[in-house]
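Student: File entry-v4.txt follows (compact mmCIF, C-alpha atoms):
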```
# COMPACT_ATOMS: atom_id res chain seq x y z
CA MET A 1279 35.19 19.76 -28.83
CA PHE A 1280 33.29 16.75 -30.09
CA LEU A 1281 33.68 13.46 -28.30
CA LYS A 1282 34.86 10.43 -30.18
CA LYS A 1283 32.79 7.26 -30.09
CA LYS A 1284 35.11 5.53 -27.61
CA GLU A 1285 35.14 8.53 -25.30
CA PHE A 1286 31.34 8.82 -25.54
CA LYS A 1287 30.87 5.14 -24.71
CA LEU A 1288 33.30 5.43 -21.78
CA LEU A 1289 31.51 8.52 -20.48
CA SER A 1290 28.11 6.88 -20.93
CA SER A 1291 29.18 3.73 -19.07
CA SER A 1292 30.68 5.84 -16.27
CA ILE A 1293 27.41 7.75 -15.90
CA ASP A 1294 25.47 4.48 -15.85
CA LYS A 1295 27.75 3.09 -13.13
CA LEU A 1296 27.40 6.27 -11.08
CA ASN A 1297 23.63 6.20 -11.44
CA LYS A 1298 23.53 2.56 -10.34
CA MET A 1299 25.72 3.30 -7.31
CA LEU A 1300 23.49 6.22 -6.28
CA GLN A 1301 20.37 4.10 -6.58
CA GLU A 1302 21.90 1.26 -4.57
CA GLY A 1303 23.09 3.67 -1.90
CA ASN A 1304 19.69 5.33 -1.60
CA ILE A 1305 21.31 8.74 -1.75
CA THR A 1306 18.00 10.39 -2.62
CA GLU A 1307 16.34 8.99 0.51
CA LEU A 1308 19.30 10.05 2.61
CA SER A 1309 19.12 13.61 1.28
CA TYR A 1310 15.37 13.61 2.02
CA ILE A 1311 16.02 12.56 5.63
CA MET A 1312 18.85 15.06 6.07
CA GLY A 1313 16.62 17.94 4.91
CA SER A 1314 14.30 20.05 7.03
CA LYS A 1315 13.04 18.17 10.09
CA LYS A 1316 9.79 20.15 10.19
CA GLU A 1317 9.06 19.26 6.58
CA LEU A 1318 9.88 15.60 7.23
CA ILE A 1319 7.56 15.44 10.25
CA LYS A 1320 4.78 17.25 8.40
CA ARG A 1321 4.96 14.93 5.37
CA ASN A 1322 5.07 11.77 7.47
CA LEU A 1323 2.20 12.95 9.68
CA LEU A 1324 0.00 13.72 6.69
CA ALA A 1325 0.95 10.44 5.01
CA GLY A 1326 0.05 8.52 8.17
CA ILE A 1327 -3.29 10.28 8.55
CA PHE A 1328 -4.28 9.66 4.93
CA ARG A 1329 -3.08 6.07 5.09
CA GLY A 1330 -5.17 5.45 8.22
CA VAL A 1331 -8.28 7.06 6.74
CA GLY A 1332 -7.84 5.07 3.53
CA ILE A 1333 -7.51 1.80 5.41
CA GLY A 1334 -10.60 2.60 7.49
CA ILE A 1335 -12.70 3.42 4.45
CA GLY A 1336 -11.44 0.37 2.56
CA VAL A 1337 -12.16 -2.04 5.40
CA THR A 1338 -15.63 -0.57 5.85
CA ILE A 1339 -16.49 -0.97 2.17
CA ILE A 1340 -15.14 -4.53 1.96
CA THR A 1341 -16.98 -5.54 5.15
CA ALA A 1342 -20.24 -4.06 3.84
CA ILE A 1343 -19.86 -5.96 0.57
CA LEU A 1344 -19.16 -9.22 2.41
CA ILE A 1345 -22.20 -8.74 4.65
CA MET A 1346 -24.39 -8.10 1.62
CA ILE A 1347 -23.09 -11.25 -0.06
CA LEU A 1348 -23.69 -13.30 3.09
CA GLN A 1349 -27.24 -11.94 3.36
CA LYS A 1350 -27.91 -12.99 -0.24
CA ILE A 1351 -26.54 -16.47 0.46
CA VAL A 1352 -28.74 -16.85 3.55
CA SER A 1353 -31.81 -15.70 1.60
CA LEU A 1354 -31.16 -18.40 -1.02
CA ASN A 1355 -31.59 -21.06 1.68
CA ILE A 1356 -28.67 -23.17 0.51
CA PRO A 1357 -28.73 -26.09 3.00
CA VAL A 1358 -25.09 -26.35 4.16
CA ILE A 1359 -23.93 -22.78 3.71
CA GLY A 1360 -27.14 -21.18 5.01
CA GLU A 1361 -27.06 -23.25 8.21
CA TYR A 1362 -23.40 -22.45 8.77
CA ILE A 1363 -23.97 -18.72 8.34
CA SER A 1364 -27.08 -18.77 10.56
CA ASP A 1365 -25.01 -20.53 13.25
CA ILE A 1366 -22.42 -17.75 13.02
CA VAL A 1367 -25.14 -15.11 13.31
CA ASP A 1368 -26.60 -16.91 16.36
CA ILE A 1369 -23.19 -17.05 18.05
CA VAL A 1370 -22.64 -13.34 17.42
CA GLN A 1371 -26.07 -12.44 18.79
CA ARG A 1372 -25.55 -14.56 21.93
CA SER A 1373 -22.20 -12.94 22.61
CA ARG A 1374 -23.84 -9.51 22.76
```
Before we go any further, please render this structure as structure tokens.

Tutor:
Amino acid sequence: MFLKKKEFKLLSSSIDKLNKMLQEGNITELSYIMGSKKELIKRNLLAGIFRGVGIGIGVTIITAILIMILQKIVSLNIPVIGEYISDIVDIVQRSR
């Protein structure tokens, strides 16, 4: 009824080997793919939508922060950097 230490160690090592083989073989991902196709499409569609919205919001926030920083730098009238940034602004305005 009770396992001896050797048998327990052997069983434990066998379970560890099996777990490692399953992880290397990506069995869980395979079972996910082999499941319901509707569910798979729905999950991937929602994940794509949320990923796209997140990227859009993130890029907008980072761009706004960079523009604010550049405006502060220009207002400080630092000779080299201020001229460089004003040249960039002039180029952008001419291209419009």

Student: Which residues are close to Ile1351 in chain A, i.e. within 12 Å by only C-alpha atoms, leaving aside same-chain residues fewer than 4 positions away? Reply as a count of residues only.

Tutor: 14

Student: Rounded to one decimal in Å, what is the spacing between CA of Glu1317 in chain A and CA of Ile1333 in chain A?

Tutor: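 So the two atoms, CA of Glu1317 in chain A and CA of Ile1333 in chain A, lie 24.1 Å apart.
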
Student: Which residue out of A:Ile1293, A:Val1367, A:Val1337, A:Leu1324 has the minimum interatomic distance to Gln1349 in chain A when all atoms listed in the file are used?

Tutor: A:Val1367

Student: Between CA of Ser1290 in chain A and CA of Glu1302 in chain A, what is the spacing in Å?

Tutor: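 These two atoms are separated by 18.4 Å.
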
Student: What separation in Å, quoted to one decimal, exists between CA of Ile1366 in chain A and CA of Ile1335 in chain A?

Tutor: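 For CA of Ile1366 in chain A relative to CA of Ile1335 in chain A, the distance reads 24.8 Å.
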